[in-house]
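K.L.:
File name work-v4.txt; file contents compact mmCIF, C-alpha atoms; full text below.
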```txt
# COMPACT_ATOMS: atom_id res chain seq x y z
CA MET Y 1 -156.68 57.19 56.50
CA THR Y 2 -155.77 54.08 54.54
CA LEU Y 3 -152.89 53.76 52.10
CA HIS Y 4 -155.42 53.59 49.26
CA TRP Y 5 -156.81 56.99 50.21
CA ILE Y 6 -153.28 58.44 50.19
CA TYR Y 7 -152.82 57.28 46.58
CA VAL Y 8 -156.24 58.68 45.68
CA LEU Y 9 -155.53 62.08 47.25
CA LEU Y 10 -152.07 62.24 45.70
CA SER Y 11 -153.57 61.62 42.25
CA TRP Y 12 -156.36 64.15 42.60
CA GLY Y 13 -154.00 66.67 44.20
CA ALA Y 14 -151.46 66.35 41.39
CA VAL Y 15 -154.09 66.76 38.66
CA LEU Y 16 -155.91 69.68 40.28
CA GLY Y 17 -152.60 71.29 41.30
CA VAL Y 18 -151.14 71.12 37.78
CA PHE Y 19 -154.34 72.49 36.22
CA THR Y 20 -154.38 75.33 38.77
CA ALA Y 21 -150.70 76.10 38.12
CA LEU Y 22 -151.31 76.17 34.35
CA ALA Y 23 -154.31 78.46 34.80
CA ILE Y 24 -152.34 80.84 37.02
CA SER Y 25 -149.38 80.95 34.61
CA VAL Y 26 -151.68 81.70 31.66
CA MET Y 27 -153.44 84.43 33.64
CA VAL Y 28 -150.12 86.04 34.58
CA ARG Y 29 -148.97 85.97 30.93
CA HIS Y 30 -152.28 87.38 29.78
CA ARG Y 31 -152.23 90.25 32.26
CA ALA Y 32 -148.60 91.11 31.48
CA ALA Y 33 -149.29 91.16 27.72
CA ARG Y 34 -152.41 93.28 28.20
CA ARG Y 35 -150.49 95.78 30.35
CA GLN Y 36 -147.63 96.00 27.86
CA LEU Y 37 -150.01 96.46 24.95
CA ALA Y 38 -151.86 99.25 26.72
CA GLN Y 39 -148.51 100.92 27.49
CA LEU Y 40 -147.32 100.64 23.88
CA GLU Y 41 -150.62 101.95 22.54
CA ARG Y 42 -150.31 104.99 24.82
CA THR Y 43 -146.73 105.80 23.75
CA ARG Y 44 -147.43 105.31 20.02
CA MET I 1 -159.56 74.74 -6.03
CA GLY I 2 -160.15 78.49 -6.28
CA ARG I 3 -161.75 78.45 -2.84
CA PHE I 4 -158.71 76.67 -1.43
CA PHE I 5 -156.37 79.43 -2.70
CA ARG I 6 -158.69 82.22 -1.51
CA LEU I 7 -158.69 80.65 1.96
CA ARG I 8 -154.90 80.36 1.89
CA GLN I 9 -154.55 84.02 0.81
CA ARG I 10 -156.81 85.13 3.65
CA CYS I 11 -154.81 83.12 6.16
CA ILE I 12 -151.60 84.72 4.90
CA ARG I 13 -153.19 88.18 5.25
CA GLY I 14 -154.23 87.22 8.79
CA ARG I 15 -150.65 86.24 9.57
CA GLN I 16 -149.35 89.55 8.20
CA MET I 17 -151.94 91.44 10.21
CA LEU I 18 -150.89 89.58 13.35
CA LEU I 19 -147.45 91.09 12.92
CA THR I 20 -148.13 94.49 11.44
CA SER I 21 -151.63 95.72 12.21
CA ARG I 22 -151.77 99.14 13.84
CA ALA I 23 -155.28 98.61 15.15
CA SER I 24 -156.16 97.98 18.76
CA PRO I 25 -155.21 94.53 19.95
CA TYR I 26 -158.71 93.95 21.24
CA VAL I 27 -160.74 95.21 18.31
CA VAL I 28 -159.00 94.84 14.97
CA SER I 29 -160.93 96.97 12.58
CA VAL I 30 -159.70 95.30 9.37
CA ASP I 31 -161.63 92.08 8.97
CA THR I 32 -160.07 89.71 6.45
CA ALA I 33 -163.21 87.62 6.43
CA SER I 34 -165.36 90.47 5.24
CA SER I 35 -162.81 90.91 2.69
CA PRO I 36 -160.63 93.63 1.22
CA SER I 37 -160.76 91.54 -1.96
CA GLY I 38 -164.50 92.00 -2.12
CA LEU I 39 -165.25 88.31 -1.70
CA PRO I 40 -168.49 87.56 0.13
CA ARG I 41 -168.20 86.51 3.73
CA GLN I 42 -168.97 82.81 4.22
CA ALA I 43 -170.47 82.33 7.64
CA GLY I 44 -169.39 79.22 9.51
CA SER I 45 -166.37 78.47 7.35
CA LEU I 46 -162.91 78.07 8.76
CA HIS I 47 -161.25 81.19 7.43
CA ARG I 48 -163.41 83.43 9.62
CA PHE I 49 -161.06 82.42 12.45
CA ALA I 50 -157.87 83.22 10.52
CA ASN I 51 -158.25 86.76 11.80
CA PRO I 52 -156.43 87.27 15.13
CA GLY I 53 -158.55 90.31 15.96
CA ARG I 54 -161.73 88.29 15.56
CA PHE I 55 -160.21 85.52 17.67
CA LEU I 56 -159.42 88.00 20.46
CA ARG I 57 -162.94 89.40 20.30
CA LEU I 58 -164.61 85.99 20.35
CA THR I 59 -162.44 84.56 23.12
CA GLU I 60 -163.03 87.64 25.25
CA THR I 61 -166.70 86.60 25.28
CA TRP I 62 -166.27 82.83 25.34
CA LEU I 63 -163.46 82.40 27.84
CA PRO I 64 -165.28 83.55 31.01
CA TRP I 65 -168.22 81.25 30.18
CA LEU I 66 -165.96 78.33 29.33
CA SER I 67 -163.86 78.79 32.47
CA GLY I 68 -166.96 79.18 34.64
CA ALA I 69 -168.50 76.02 33.18
CA ALA I 70 -165.23 74.12 33.73
CA LEU I 71 -165.04 75.25 37.35
CA LEU I 72 -168.66 74.34 38.02
CA VAL I 73 -168.47 70.90 36.39
CA LEU I 74 -165.11 70.14 38.04
CA GLY I 75 -166.40 71.28 41.44
CA ILE I 76 -169.31 68.83 41.17
CA GLY I 77 -166.90 66.21 39.76
CA VAL I 78 -164.58 66.47 42.78
CA PHE I 79 -167.51 66.03 45.16
CA TRP I 80 -169.00 63.18 43.12
CA GLY I 81 -165.69 61.39 42.51
CA LEU I 82 -164.27 61.67 46.03
CA TRP I 83 -167.42 61.52 48.11
CA LEU I 84 -170.58 60.26 46.38
CA ALA I 85 -169.18 57.49 44.15
CA PRO I 86 -169.10 54.10 45.89
CA ARG I 87 -165.90 52.14 46.44
CA ASP I 88 -165.29 49.27 44.04
CA TRP I 89 -165.66 45.72 45.37
CA GLN I 90 -162.25 44.75 43.90
CA GLN I 91 -160.26 48.00 43.73
CA GLY I 92 -161.59 49.57 46.89
CA GLU I 93 -161.04 53.34 47.17
CA THR I 94 -158.40 53.39 44.42
CA VAL I 95 -161.16 53.29 41.82
CA ARG I 96 -161.42 57.04 42.48
CA ILE I 97 -158.05 57.46 40.73
CA MET I 98 -159.84 56.40 37.52
CA PHE I 99 -161.88 59.62 37.62
CA VAL I 100 -158.70 61.61 36.95
CA HIS I 101 -156.54 59.02 35.17
CA VAL I 102 -158.98 58.16 32.37
CA PRO I 103 -159.81 61.81 31.47
CA MET I 104 -156.05 62.57 31.34
CA ALA I 105 -155.50 59.60 29.01
CA TRP I 106 -158.37 60.62 26.71
CA LEU I 107 -157.21 64.25 26.69
CA ALA I 108 -153.62 63.22 25.93
CA MET I 109 -154.77 61.29 22.84
CA GLY I 110 -157.58 63.63 21.81
CA GLY I 111 -155.34 66.65 22.30
CA TYR I 112 -152.70 65.06 20.10
CA MET I 113 -155.29 64.56 17.34
CA GLY I 114 -156.13 68.26 17.79
CA LEU I 115 -152.43 69.05 17.38
CA ALA I 116 -152.35 67.00 14.17
CA ILE I 117 -155.37 68.89 12.80
CA LEU I 118 -153.75 72.23 13.67
CA SER I 119 -150.56 71.04 11.95
CA VAL I 120 -152.48 70.22 8.76
CA MET I 121 -154.09 73.68 8.87
CA SER I 122 -150.69 75.24 9.44
CA LEU I 123 -148.94 73.39 6.60
CA ILE I 124 -151.70 73.63 3.97
CA TRP I 125 -153.46 76.94 4.68
CA ARG I 126 -150.72 78.67 6.71
CA HIS I 127 -153.42 79.54 9.23
CA PRO I 128 -151.78 82.06 11.60
CA LEU I 129 -153.73 80.99 14.65
CA ALA I 130 -153.09 77.29 13.98
CA ASP I 131 -149.35 77.89 14.49
CA LEU I 132 -149.90 79.76 17.74
CA SER I 133 -152.50 77.31 19.06
CA ALA I 134 -150.23 74.33 18.31
CA ARG I 135 -147.34 76.09 20.05
CA GLU I 136 -149.48 76.71 23.14
CA LEU I 137 -151.18 73.31 23.03
CA SER I 138 -148.04 71.19 23.27
CA PRO I 139 -146.87 72.13 26.82
CA ILE I 140 -150.43 71.66 28.12
CA GLY I 141 -150.67 68.33 26.28
CA ALA I 142 -147.32 67.27 27.75
CA ALA I 143 -148.54 68.17 31.26
CA VAL I 144 -151.76 66.17 30.77
CA THR I 145 -149.84 63.14 29.44
CA ALA I 146 -147.41 63.35 32.38
CA LEU I 147 -150.44 63.40 34.72
CA CYS I 148 -151.85 60.35 32.95
CA LEU I 149 -148.57 58.49 33.54
CA LEU I 150 -148.30 59.68 37.15
CA THR I 151 -151.88 58.81 38.14
CA GLY I 152 -151.58 55.47 36.34
CA SER I 153 -148.46 54.76 38.35
CA LEU I 154 -150.20 55.74 41.59
CA TRP I 155 -153.02 53.34 40.71
CA GLY I 156 -150.64 50.58 39.59
CA ARG I 157 -148.70 50.47 42.84
CA PRO I 158 -151.60 49.28 45.08
CA MET I 159 -153.36 47.28 42.31
CA TRP I 160 -150.52 45.64 40.37
CA GLY I 161 -147.87 45.88 43.06
CA THR I 162 -145.56 47.91 40.82
CA TRP I 163 -145.16 51.54 39.78
CA TRP I 164 -144.23 50.72 36.18
CA VAL I 165 -144.02 47.91 33.64
CA TRP I 166 -142.69 48.13 30.11
CA ASP I 167 -145.89 46.87 28.52
CA ALA I 168 -147.19 48.16 25.20
CA ARG I 169 -149.78 50.57 26.61
CA LEU I 170 -147.54 52.26 29.16
CA THR I 171 -144.59 52.45 26.76
CA SER I 172 -146.66 53.92 23.92
CA VAL I 173 -148.08 56.58 26.27
CA LEU I 174 -144.49 57.38 27.34
CA VAL I 175 -143.63 57.80 23.63
CA LEU I 176 -146.67 60.11 23.32
CA PHE I 177 -145.32 62.18 26.22
CA PHE I 178 -141.94 62.50 24.46
CA LEU I 179 -143.71 63.53 21.25
CA TRP I 180 -145.55 66.30 23.11
CA LEU I 181 -142.28 67.45 24.73
CA GLY I 182 -140.43 67.23 21.41
CA HIS I 183 -143.04 69.38 19.70
CA ALA I 184 -142.94 71.98 22.49
CA ALA I 185 -139.13 72.14 22.28
CA LEU I 186 -138.90 72.11 18.47
CA VAL I 187 -141.29 75.00 17.81
CA ARG I 188 -139.30 77.12 20.28
CA ALA I 189 -135.89 76.11 18.92
CA PHE I 190 -135.86 78.44 15.87
CA ASP I 191 -135.33 82.19 15.73
CA ASP I 192 -137.88 82.31 12.93
CA PRO I 193 -141.22 81.29 14.51
CA GLU I 194 -142.72 80.31 11.14
CA ARG I 195 -139.91 77.83 10.49
CA GLY I 196 -140.30 76.42 14.00
CA ALA I 197 -144.04 76.03 13.45
CA ARG I 198 -143.44 74.20 10.15
CA MET I 199 -140.93 71.80 11.71
CA GLY I 200 -143.26 71.23 14.69
CA ALA I 201 -146.18 70.52 12.35
CA ILE I 202 -144.14 67.89 10.48
CA LEU I 203 -143.11 66.25 13.77
CA ALA I 204 -146.74 66.27 14.99
CA LEU I 205 -147.94 64.60 11.77
CA VAL I 206 -145.21 61.95 11.90
CA GLY I 207 -146.03 61.28 15.56
CA VAL I 208 -149.76 60.87 14.94
CA VAL I 209 -149.05 57.24 13.98
CA ASN I 210 -148.49 56.62 17.71
CA VAL I 211 -152.10 57.48 18.64
CA PRO I 212 -153.71 54.31 17.20
CA ILE I 213 -150.83 52.34 18.71
CA VAL I 214 -151.74 53.76 22.15
CA LYS I 215 -155.41 53.07 21.57
CA PHE I 216 -155.11 49.49 20.26
CA SER I 217 -151.98 48.41 22.14
CA VAL I 218 -154.12 46.55 24.68
CA ASP I 219 -155.76 44.57 21.85
CA TRP I 220 -152.68 43.95 19.71
CA TRP I 221 -150.34 42.83 22.51
CA ASN I 222 -150.68 40.96 25.75
CA THR I 223 -150.44 43.78 28.29
CA LEU I 224 -150.74 44.14 32.03
CA HIS I 225 -152.93 47.18 31.36
CA GLN I 226 -156.56 46.13 31.04
CA PRO I 227 -158.49 46.55 27.73
CA ALA I 228 -160.82 49.51 27.22
CA SER I 229 -163.77 49.50 29.63
CA VAL I 230 -165.74 52.18 27.77
CA THR I 231 -166.24 51.37 24.08
CA ARG I 232 -168.75 52.35 21.41
CA ILE I 233 -169.46 48.77 20.41
CA ASN I 234 -169.98 46.92 23.68
CA ALA I 235 -171.78 47.91 26.86
CA PRO I 236 -169.46 49.64 29.36
CA GLY I 237 -167.56 47.19 31.54
CA MET I 238 -168.40 49.09 34.71
CA HIS I 239 -171.40 49.95 36.82
CA VAL I 240 -173.18 53.25 36.17
CA ASP I 241 -172.26 54.40 39.69
CA ILE I 242 -168.66 54.49 38.45
CA LEU I 243 -169.36 55.30 34.79
CA TYR I 244 -171.38 58.49 35.34
CA PRO I 245 -168.88 60.30 37.59
CA LEU I 246 -166.14 59.20 35.17
CA LEU I 247 -167.95 60.79 32.22
CA TRP I 248 -168.77 63.87 34.31
CA CYS I 249 -165.11 64.35 35.32
CA THR I 250 -164.08 63.84 31.68
CA LEU I 251 -166.44 66.65 30.68
CA GLY I 252 -165.02 68.93 33.39
CA PHE I 253 -161.39 68.30 32.53
CA SER I 254 -162.13 68.66 28.80
CA LEU I 255 -163.72 72.07 29.41
CA ALA I 256 -160.74 73.10 31.58
CA PHE I 257 -158.30 71.86 28.91
CA ALA I 258 -160.11 73.83 26.18
CA ALA I 259 -160.22 76.96 28.36
CA LEU I 260 -156.49 76.68 29.10
CA VAL I 261 -155.53 76.26 25.44
CA LEU I 262 -157.77 79.15 24.35
CA ALA I 263 -156.43 81.43 27.10
CA ALA I 264 -152.82 80.51 26.30
CA THR I 265 -153.39 81.14 22.58
CA ARG I 266 -154.99 84.47 23.41
CA ALA I 267 -151.98 85.43 25.55
CA ALA I 268 -149.63 84.35 22.73
CA VAL I 269 -151.48 86.49 20.16
CA MET I 270 -151.14 89.50 22.47
CA GLU I 271 -147.46 88.78 23.19
CA ARG I 272 -146.71 88.56 19.47
CA ARG I 273 -148.39 91.91 18.92
CA VAL I 274 -146.35 93.38 21.77
CA ARG I 275 -143.15 92.22 20.04
CA ALA I 276 -144.34 93.59 16.68
CA LEU I 277 -145.14 96.98 18.23
CA GLN I 278 -141.80 97.07 20.07
CA MET I 279 -139.95 96.31 16.83
CA ALA I 280 -141.91 99.00 14.99
CA ALA I 281 -141.06 101.50 17.76
CA ALA I 282 -137.37 100.53 17.55
CA ARG I 283 -137.39 100.98 13.75
CA ARG I 284 -138.97 104.42 14.12
CA ALA I 285 -136.34 105.39 16.70
CA ASP I 286 -133.49 104.21 14.38
CA ALA I 287 -134.83 105.93 11.27
CA PRO I 288 -132.74 108.98 10.13
CA THR I 289 -134.40 112.37 10.67
CA PRO I 290 -135.49 113.89 7.29
CA LEU I 291 -133.75 117.15 6.28
CA TRP I 292 -136.93 119.17 5.97
CA SER I 293 -137.90 118.39 9.53
CA ALA I 294 -134.43 119.61 10.70
CA GLU I 295 -134.93 122.87 8.82
CA ALA I 296 -138.38 123.27 10.31
```
Just give me the structure as structure tokens.

P.N.:
Amino acid sequence: MTLHWIYVLLSWGAVLGVFTALAISVMVRHRAARRQLAQLERTR
Amino acid sequence: MGRFFRLRQRCIRGRQMLLTSRASPYVVSVDTASSPSGLPRQAGSLHRFANPGRFLRLTETWLPWLSGAALLVLGIGVFWGLWLAPRDWQQGETVRIMFVHVPMAWLAMGGYMGLAILSVMSLIWRHPLADLSARELSPIGAAVTALCLLTGSLWGRPMWGTWWVWDARLTSVLVLFFLWLGHAALVRAFDDPERGARMGAILALVGVVNVPIVKFSVDWWNTLHQPASVTRINAPGMHVDILYPLLWCTLGFSLAFAALVLAATRAAVMERRVRALQMAAARRADAPTPLWSAEA
């Protein structure tokens, strides 16, 4: 693997990794909020 | 003028409903667009989306499709960009960095224009979802701008022989990154979310002056960064073998960006309702017991 390919893979890896991390964090927030809402609706 | 005030009133009702509605978070039965005031519903106009319940309903349908489309287009984009696209005769394999760097740059600037539009909606019409969307947009915009800087740096090292130069393009994108970060920090710095949203909107509108500076910096100053290769006026300065995967990857990342912002806004709407319900429960628990109920 050439040095150029290392730069290419680092770039793609950073972009795809950050997008995946953002998607996971949003999904976790979404699920937590949905669970809390369901709980609050039950106790109301 | 009357229509302007009706729209503003509906947005304010939407904001109140976001905080106080007792309806289900997924299906809000009171629809401000179809109007307690008896005003006719105007299909396609902006105020239809001032209703958080409607937003939750719509995004519940749209989000899976949007996310699926983003995944599909990005999957093809990864294959096309890393495997099918030919190496450039001058840049070699590093041309493949363009397939992620350019979409990040366009999203950083386009996203900031979106933030400015949301800020206008927030300041003029007090649109409840504009505040929340802007609040959720800024960290994602900051991440995308940081990726633009990082991938540009990773391209610059083998091509220019340096990670960074203080030329007009790179510096103005760095300023854009600080504007995104500043907005994200400012809207979260106030106890009163409405005040934070107002301050953030003002900052976003002041900072919008930087967007044309980013765009035209390569024309106005002598920069190491090359001028735009894809313009509306001239033919693209690259071969279609490079141009098509670039446009394809831009489409994929734009879909992913939109899906992320929508999903984050949806989560924020639900979190705000959780806080409103918790506060209502706390108020009920603190309320004094009426005498007649003690006698009963």

K.L.:
Please return, as a VMD selection string, all residues of chain Y lying within 8 Å of chain I when all atoms listed in the file are considered.

P.N.:
chain Y and resid 4 to 5 7 to 8 10 to 12 14 to 15 18 to 19 22 to 23 26 to 27 29 to 30 33 to 34 36 to 37 40 to 41 44

K.L.:
When you draw a straight line from atom CA of Pro227 of chain I to atom CA of Arg169 of chain I, how long is it in Å?

P.N.:
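These atoms are spaced 9.7 Å apart.
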
K.L.:
Could you jot down the atom CA of Val214 of chain I to atom CA of Met113 of chain I separation for me, Å, one decimal place?

P.N.:
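Between atom CA of Val214 of chain I and atom CA of Met113 of chain I the gap is 12.3 Å.
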
K.L.:
State, in Å with one decimal place, the distance from atom CA of Ala184 of chain I to atom CA of Arg126 of chain I.

P.N.:
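Calculated distance between atom CA of Ala184 of chain I and atom CA of Arg126 of chain I is 18.8 Å.
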